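Here is the structure we will look at.
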2 protein chains.
Amino acid sequence: MPDSILKNIAKHIHLSEEEAALFSTLASVKTLPKKTLLLQAGQECRHLSYVHSGALRSFYIDKDGKESTIMFAVADWWITDMYCYLNRKPAMTHIETIEESMIFQISRSNFDHLLETIPKFERFFRILMQNAYTREQLRVMENLSLTAEERYHSFVQKYPQIVRQVTKKQIASYLGITPEFLSTLKKPEI
Amino acid sequence: MPDSILKNIAKHIHLSEEEAALFSTLASVKTLPKKTLLLQAGQECRHLSYVHSGALRSFYIDKDGKESTIMFAVADWWITDMYCYLNRKPAMTHIETIEESMIFQISRSNFDHLLETIPKFERFFRILMQNAYTREQLRVMENLSLTAEERYHSFVQKYPQIVRQVTKKQIASYLGITPEFLSTLKKPEI
DNA sequence: ATGAGGTCTTAAGATACCTTAATTGTTTTC
DNA sequence: GAAAACAATTAAGGTATCTTAAGACCTCAT
């Protein structure tokens, strides 16, 4: 188990060697080729994934077949269909790799086990959820108050690494605009 | 201290009598008249508030003076400018009462003290943050994939109680549309 | 009670963003 | 390494939503 994920955890809580070892037995590694579907809407969402390398996205397909990108996950990000993972509901979103990726996965039952065995993980996940919540709330705020062009510039400034790893079509679907309209916007300063 | 807030906590964790008593010493009660500004953008956000009765909203005012409602909080909801509360940044949003309200507040330092003294609260806040996160993510999804009319109907169905307590103008600013446009939409079945 | 200010509605004209379509360049696949 | 598929761009016409304005209705303070 490469230690990028342990470093990610160590940002917020300190694990003893034994705890880190236990954690390692509860996570599994996967290497996935580009364009691999990791989760399909309707399926049970069994895994929380940490991205060691590569890039993934989760997206929703509405009744008209239109795709909306819910989130991107590049190195050092966590991704899942959180609502469905936590509440054992059928997934609403799809998750796929954008490029070849190496990820670590924690199943729902190992997640529960982890929280019971090492209560410090409650703190870790609280902080993870806190950050995810405030990020989504800021996104809602920008969706409500900014024009498409402003949202695009804000995205490029906030996530320059993601911009390098995904297509403009995918960014457009994250911003809630069409690729054609994105094309007409003034390019942001980088 | 009325026990609505203890019941809210008991939904997710079990507190002993002593723990409940300690918690009570760390929260303070306030009764606020209608239209009271509880937090102003730019100020430090010192409090996390639980709504016992009444209704509040948080909103953002953009560079053109346009208001966007970030969230409503009616009985049994928690509200604050979470990003700024947790990270000691100046508030981005305003919070005001919509009607006379009774709330319980926890200061940032008491919050920290609570998490250290009663680690079960890590679990409680994890679950609170989890729910807030998945709710915001669903809101982003709806903003990206639904028309204004569909979002309005979804809001009415999800939050009938809020609909009774706030104006249509405020709902419009939550949905990201103008009150004039909301007025032209087909009324939802209730 | 009266007036002042806010909310809600309707309507006409304006605009941000969408749809469709065609062209070119790039990537993937056999 | 050719063919097929996809991404990016440009442009013309269309639509959802906004802006402004005006009138009717509330609500609340004097």
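Identifiers in the structure tokens: chain A, B, ... in order shown; residue index from 1 per chain; ligand index from 1 in order shown.
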
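Within 8 Å of chain B, counting only C-alpha atoms (C1' of nucleotides), chain C contributes C:DT7, C:DC8, C:DT9.
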
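If we count only C-alpha atoms (C1' of nucleotides), these residues of chain D sit within 12 Å of chain A: D:DC6, D:DA7, D:DA8, D:DT9, D:DT10, D:DA11.
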
Strand (DSSP E or B) residues, from DSSP on the backbone, in chain B, as a PyMOL selection string: chain B and resi 27-32+37-39+44+47-53+55-61+67-74+78-79+90+94-97+101-107

Given the selection you just returned, output its residues as a file containing C-alpha atoms, formatted as a PDB file, in the first residue's frame.
```pdb
ATOM      1  CA  ALA B  27     -25.076  26.277  24.690  1.00  0.00           C
ATOM      2  CA  SER B  28     -26.945  29.527  25.197  1.00  0.00           C
ATOM      3  CA  VAL B  29     -30.518  30.411  24.399  1.00  0.00           C
ATOM      4  CA  LYS B  30     -31.656  33.490  22.495  1.00  0.00           C
ATOM      5  CA  THR B  31     -35.030  34.822  21.486  1.00  0.00           C
ATOM      6  CA  LEU B  32     -34.871  37.146  18.516  1.00  0.00           C
ATOM      7  CA  LEU B  37     -29.536  40.300  11.687  1.00  0.00           C
ATOM      8  CA  LEU B  38     -27.683  37.494  13.472  1.00  0.00           C
ATOM      9  CA  LEU B  39     -24.538  37.607  11.350  1.00  0.00           C
ATOM     10  CA  GLU B  44     -16.231  36.900  12.415  1.00  0.00           C
ATOM     11  CA  HIS B  47     -21.765  30.793  16.553  1.00  0.00           C
ATOM     12  CA  LEU B  48     -23.399  27.636  15.351  1.00  0.00           C
ATOM     13  CA  SER B  49     -27.152  27.953  15.889  1.00  0.00           C
ATOM     14  CA  TYR B  50     -29.880  25.372  16.358  1.00  0.00           C
ATOM     15  CA  VAL B  51     -33.410  26.599  15.618  1.00  0.00           C
ATOM     16  CA  HIS B  52     -35.926  25.710  18.309  1.00  0.00           C
ATOM     17  CA  SER B  53     -38.743  27.713  16.707  1.00  0.00           C
ATOM     18  CA  ALA B  55     -37.286  30.651  10.774  1.00  0.00           C
ATOM     19  CA  LEU B  56     -33.956  32.057   9.599  1.00  0.00           C
ATOM     20  CA  ARG B  57     -32.151  32.369   6.296  1.00  0.00           C
ATOM     21  CA  SER B  58     -28.571  32.874   5.246  1.00  0.00           C
ATOM     22  CA  PHE B  59     -27.902  34.852   2.088  1.00  0.00           C
ATOM     23  CA  TYR B  60     -25.081  36.183   0.003  1.00  0.00           C
ATOM     24  CA  ILE B  61     -25.028  39.679  -1.521  1.00  0.00           C
ATOM     25  CA  GLU B  67     -29.228  38.554  -2.905  1.00  0.00           C
ATOM     26  CA  SER B  68     -28.950  34.760  -3.160  1.00  0.00           C
ATOM     27  CA  THR B  69     -30.464  32.671  -0.404  1.00  0.00           C
ATOM     28  CA  ILE B  70     -27.986  29.992   0.623  1.00  0.00           C
ATOM     29  CA  MET B  71     -30.215  28.174   3.069  1.00  0.00           C
ATOM     30  CA  PHE B  72     -33.342  28.362   5.180  1.00  0.00           C
ATOM     31  CA  ALA B  73     -33.450  27.024   8.743  1.00  0.00           C
ATOM     32  CA  VAL B  74     -36.788  26.290  10.390  1.00  0.00           C
ATOM     33  CA  TRP B  78     -28.794  24.000  12.306  1.00  0.00           C
ATOM     34  CA  ILE B  79     -27.425  27.127  10.655  1.00  0.00           C
ATOM     35  CA  PRO B  90     -14.759  36.734   7.957  1.00  0.00           C
ATOM     36  CA  HIS B  94     -25.606  37.328   6.232  1.00  0.00           C
ATOM     37  CA  ILE B  95     -27.985  35.446   8.538  1.00  0.00           C
ATOM     38  CA  GLU B  96     -31.307  36.948   9.618  1.00  0.00           C
ATOM     39  CA  THR B  97     -34.523  35.866  11.279  1.00  0.00           C
ATOM     40  CA  SER B 101     -37.272  32.811  16.575  1.00  0.00           C
ATOM     41  CA  MET B 102     -35.825  30.976  19.523  1.00  0.00           C
ATOM     42  CA  ILE B 103     -32.388  29.512  18.970  1.00  0.00           C
ATOM     43  CA  PHE B 104     -29.565  27.803  20.893  1.00  0.00           C
ATOM     44  CA  GLN B 105     -26.026  28.840  20.108  1.00  0.00           C
ATOM     45  CA  ILE B 106     -22.675  27.130  20.488  1.00  0.00           C
ATOM     46  CA  SER B 107     -19.566  29.273  20.221  1.00  0.00           C
TER      47      SER B 107
END
```

Within 6 Å of chain B, which residues of chain A show up when using only C-alpha atoms, listed as a ChimeraX atom specification? /A:83,122-123,126,129-130,133-134,136,144,176

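As for C1' of DT15 in chain C and C1' of DC18 in chain D, they are spaced 7.4 Å apart.
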
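Here CA of Arg164 in chain A stands at a distance of 18.1 Å from CA of Leu185 in chain A.
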
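In this structure, CA of Leu26 in chain A sits 23.3 Å away from CA of Gln40 in chain A.
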
Name all residues at most 9 Å from range 157-159 of chain A (count only C-alpha atoms (C1' of nucleotides); drop same-chain ones fewer than 3 positions away) and give them as a PyMOL selection string. chain A and resi 152-154+162-163+188-190

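If only C-alpha atoms are the atoms counted, then among A:His12, A:Arg151, A:Arg46, A:Lys7 the closest residue to Ala91 in chain A is A:Arg46.
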
From the set B:Leu15, B:Glu99, B:Phe181, B:Leu6, which residue has the shortest atom-to-atom contact distance to DT10 in chain C, counting only C-alpha atoms (C1' of nucleotides)? B:Phe181

Shell around DC28 in chain D at 12 Å using only C-alpha atoms (C1' of nucleotides), local window under 2 positions removed, as a PyMOL selection string: (chain C and resi 2-6) or (chain D and resi 26+30)

Output file for the selection above: N, CA and C atoms (P, O5', C5', C4', C3', O3' and C1' of nucleotides), as a CSV table (one decimal), in the first residue's frame:
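Contents of out.csv, as written:
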```
chain,number,residue,atom,x,y,z
C,2,DT,P,-59.1,57.1,6.7
C,2,DT,O5',-57.5,57.3,6.6
C,2,DT,C5',-56.8,58.3,7.5
C,2,DT,C4',-55.3,58.2,7.1
C,2,DT,C3',-55.0,58.0,5.7
C,2,DT,O3',-54.2,59.1,5.3
C,2,DT,C1',-53.8,56.4,7.0
C,3,DG,P,-53.7,59.2,3.7
C,3,DG,O5',-52.1,58.8,3.9
C,3,DG,C5',-51.4,59.3,5.0
C,3,DG,C4',-50.1,58.6,5.1
C,3,DG,C3',-49.4,58.4,3.7
C,3,DG,O3',-48.0,58.7,4.0
C,3,DG,C1',-49.7,56.3,4.7
C,4,DA,P,-46.9,58.8,2.8
C,4,DA,O5',-45.9,57.6,3.1
C,4,DA,C5',-45.6,57.3,4.5
C,4,DA,C4',-44.7,56.1,4.5
C,4,DA,C3',-43.9,55.9,3.2
C,4,DA,O3',-42.6,55.4,3.5
C,4,DA,C1',-45.3,54.0,3.5
C,5,DG,P,-41.4,55.2,2.4
C,5,DG,O5',-41.4,53.6,2.4
C,5,DG,C5',-41.2,52.9,3.6
C,5,DG,C4',-41.6,51.5,3.4
C,5,DG,C3',-40.8,50.8,2.2
C,5,DG,O3',-40.2,49.6,2.7
C,5,DG,C1',-43.2,50.4,2.1
C,6,DG,P,-39.1,48.8,1.7
C,6,DG,O5',-39.9,47.4,1.5
C,6,DG,C5',-40.0,46.6,2.6
C,6,DG,C4',-41.1,45.6,2.3
C,6,DG,C3',-40.7,44.7,1.1
C,6,DG,O3',-40.7,43.3,1.5
C,6,DG,C1',-42.9,45.6,0.9
D,26,DC,P,-55.2,40.9,-0.1
D,26,DC,O5',-54.0,40.8,1.0
D,26,DC,C5',-53.2,41.9,1.2
D,26,DC,C4',-51.9,41.5,1.7
D,26,DC,C3',-51.9,41.5,3.2
D,26,DC,O3',-50.9,40.6,3.7
D,26,DC,C1',-50.7,43.4,2.3
D,30,DT,P,-43.0,53.9,14.5
D,30,DT,O5',-44.1,55.0,14.5
D,30,DT,C5',-44.0,56.1,13.5
D,30,DT,C4',-45.4,56.6,13.2
D,30,DT,C3',-45.9,57.5,14.3
D,30,DT,O3',-45.8,58.9,13.9
D,30,DT,C1',-47.6,56.2,13.3
```
